[in-house]
Structure formats: C-alpha cells, structure tokens
Amino acid sequence: MTPSPFEEPPDTQWVGEEAGPIVRPYVLTRGRTEPTRGRFDLITLAVTIRSASPRESGLDPECLAIVRLCHQPQSVAEIAAHTNLPAGTVRVLLSDLLDQGFIVLQEPHSETDMHDERLYRAVLDGLRAL
C-alpha cells in the first residue's frame, strides 16, 4: 500500500516528547492572522464576563484556558506568556471570544497625565542626577 502524499512519514511528524502532537498556531486561528473585531495592543486588558464549561461552550482548549485566565484582568502580553502562544494568535482568539460574549476589553488606565509639565521636569531632574 502506497502512503498518502498528505500524510507525513512517522519519523517526521511533529510530536513533543511530553506534549504529544504539536498544533501549529495557524490551525488554532483557522488560518486567520488578524482579529475580526476589537483593538488588541499588547497592553489591552481582557476580562471574562461569562464563564464557559467545555461541554456547553464548544470552545477549543486554548480558548477555555483564556476564559479561565481572564477572570482577573490580563493583558494580551500576559495571556500570550501564560498560554505559550504567539501574541498574534492570542489576538485572533480574543477576537473570537469577544464576538461570542465571553470577554470584554478594557484599555489600561493612565496613572499620570502625560501633558503634565511636572512629570517632564521630574524626569529631567532624575536624568541630571545620574
């Protein structure tokens, strides 16, 4: 029997010793490289507003992990670090979760007024002190 041209020979399959088969990021996003909705900077915060159980949600394991992680506000960068996924992949998955009503986005609050001249003077004074 001739092997299918679509099957990789067993010695070249992508398998992690501990993790099992490796799933490439574009498979998780179904080939999409951009979010369909929302603005996702690395510092944009995602917060879960609706919990998901594996049985009723129909979500992939990666999306379920993100929903669980975001019960406390998490930035895109933090989510990528916790899930070991590229930030671009996380952005697409967050967009899907936003569309399905599992998360909301929050822009981080600025701690200081960037137009405050006192801030710039303090920075300059600190640099001069070096």
# chains A, B, ... in the order shown; residues from 1 in each chain; ligands from 1
>>> residues_around(residues="A:Ala87", least_positions_apart="6", cutoff="9 Å", atoms="only C-alpha atoms", output="PyMOL selection string")
chain A and resi 42+76-77+79-81
>>> write_last_selection(atoms="N, CA and C atoms", output="CSV table (one decimal), in the first residue's frame")
chain,number,residue,atom,x,y,z
A,42,LEU,N,-0.6,45.1,22.9
A,42,LEU,CA,-0.1,44.2,23.9
A,42,LEU,C,-0.5,44.5,25.3
A,76,VAL,N,-2.9,41.3,26.8
A,76,VAL,CA,-2.6,40.4,25.7
A,76,VAL,C,-1.2,39.7,25.9
A,77,ALA,N,-0.3,40.5,26.3
A,77,ALA,CA,1.1,40.0,26.5
A,77,ALA,C,1.1,39.0,27.7
A,79,ILE,N,-1.5,37.0,28.6
A,79,ILE,CA,-2.2,35.9,28.1
A,79,ILE,C,-1.2,35.0,27.2
A,80,ALA,N,-0.5,35.7,26.4
A,80,ALA,CA,0.4,35.0,25.5
A,80,ALA,C,1.5,34.3,26.3
A,81,ALA,N,2.0,34.9,27.3
A,81,ALA,CA,3.0,34.3,28.2
A,81,ALA,C,2.5,33.1,28.9
>>> closest_atom_pairs(of="stretch 38-81 of chain A", to="stretch 92-97 of chain A", cutoff="8 Å", atoms="only C-alpha atoms", output="tab-separated table")
residue	atom	partner	partner_atom	distance
A:Gly38	CA	A:Ser95	CA	6.4
A:Ala46	CA	A:Leu94	CA	7.9
A:Cys63	CA	A:Leu93	CA	6.6
>>> write_last_selection(atoms="all heavy atoms", output="mmCIF file, in the first residue's frame")
data_model
loop_
_atom_site.group_PDB
_atom_site.id
_atom_site.type_symbol
_atom_site.label_atom_id
_atom_site.label_comp_id
_atom_site.auth_asym_id
_atom_site.auth_seq_id
_atom_site.Cartn_x
_atom_site.Cartn_y
_atom_site.Cartn_z
ATOM 1 N N GLY A 38 -12.323 44.442 17.441
ATOM 2 C CA GLY A 38 -11.587 44.905 18.611
ATOM 3 C C GLY A 38 -10.186 45.364 18.270
ATOM 4 O O GLY A 38 -9.643 45.065 17.216
ATOM 5 N N ALA A 46 -8.071 42.044 28.858
ATOM 6 C CA ALA A 46 -9.255 41.215 28.594
ATOM 7 C C ALA A 46 -9.785 40.714 29.928
ATOM 8 O O ALA A 46 -9.005 40.327 30.804
ATOM 9 C CB ALA A 46 -8.900 40.037 27.695
ATOM 10 N N CYS A 63 -8.998 28.433 23.996
ATOM 11 C CA CYS A 63 -9.971 29.479 24.337
ATOM 12 C C CYS A 63 -10.515 29.276 25.746
ATOM 13 O O CYS A 63 -10.700 30.248 26.485
ATOM 14 C CB CYS A 63 -11.107 29.497 23.316
ATOM 15 S SG CYS A 63 -10.620 30.160 21.713
#
>>> residues_around(residues="A:Val47", least_positions_apart="5", cutoff="9 Å", atoms="only C-alpha atoms", output="list of chain:residue names")
A:Val67, A:Leu69, A:Cys70, A:His71, A:Gln72, A:Pro73, A:Gln74, A:Phe102, A:Ile103, A:Val104, A:Leu105, A:Gln106
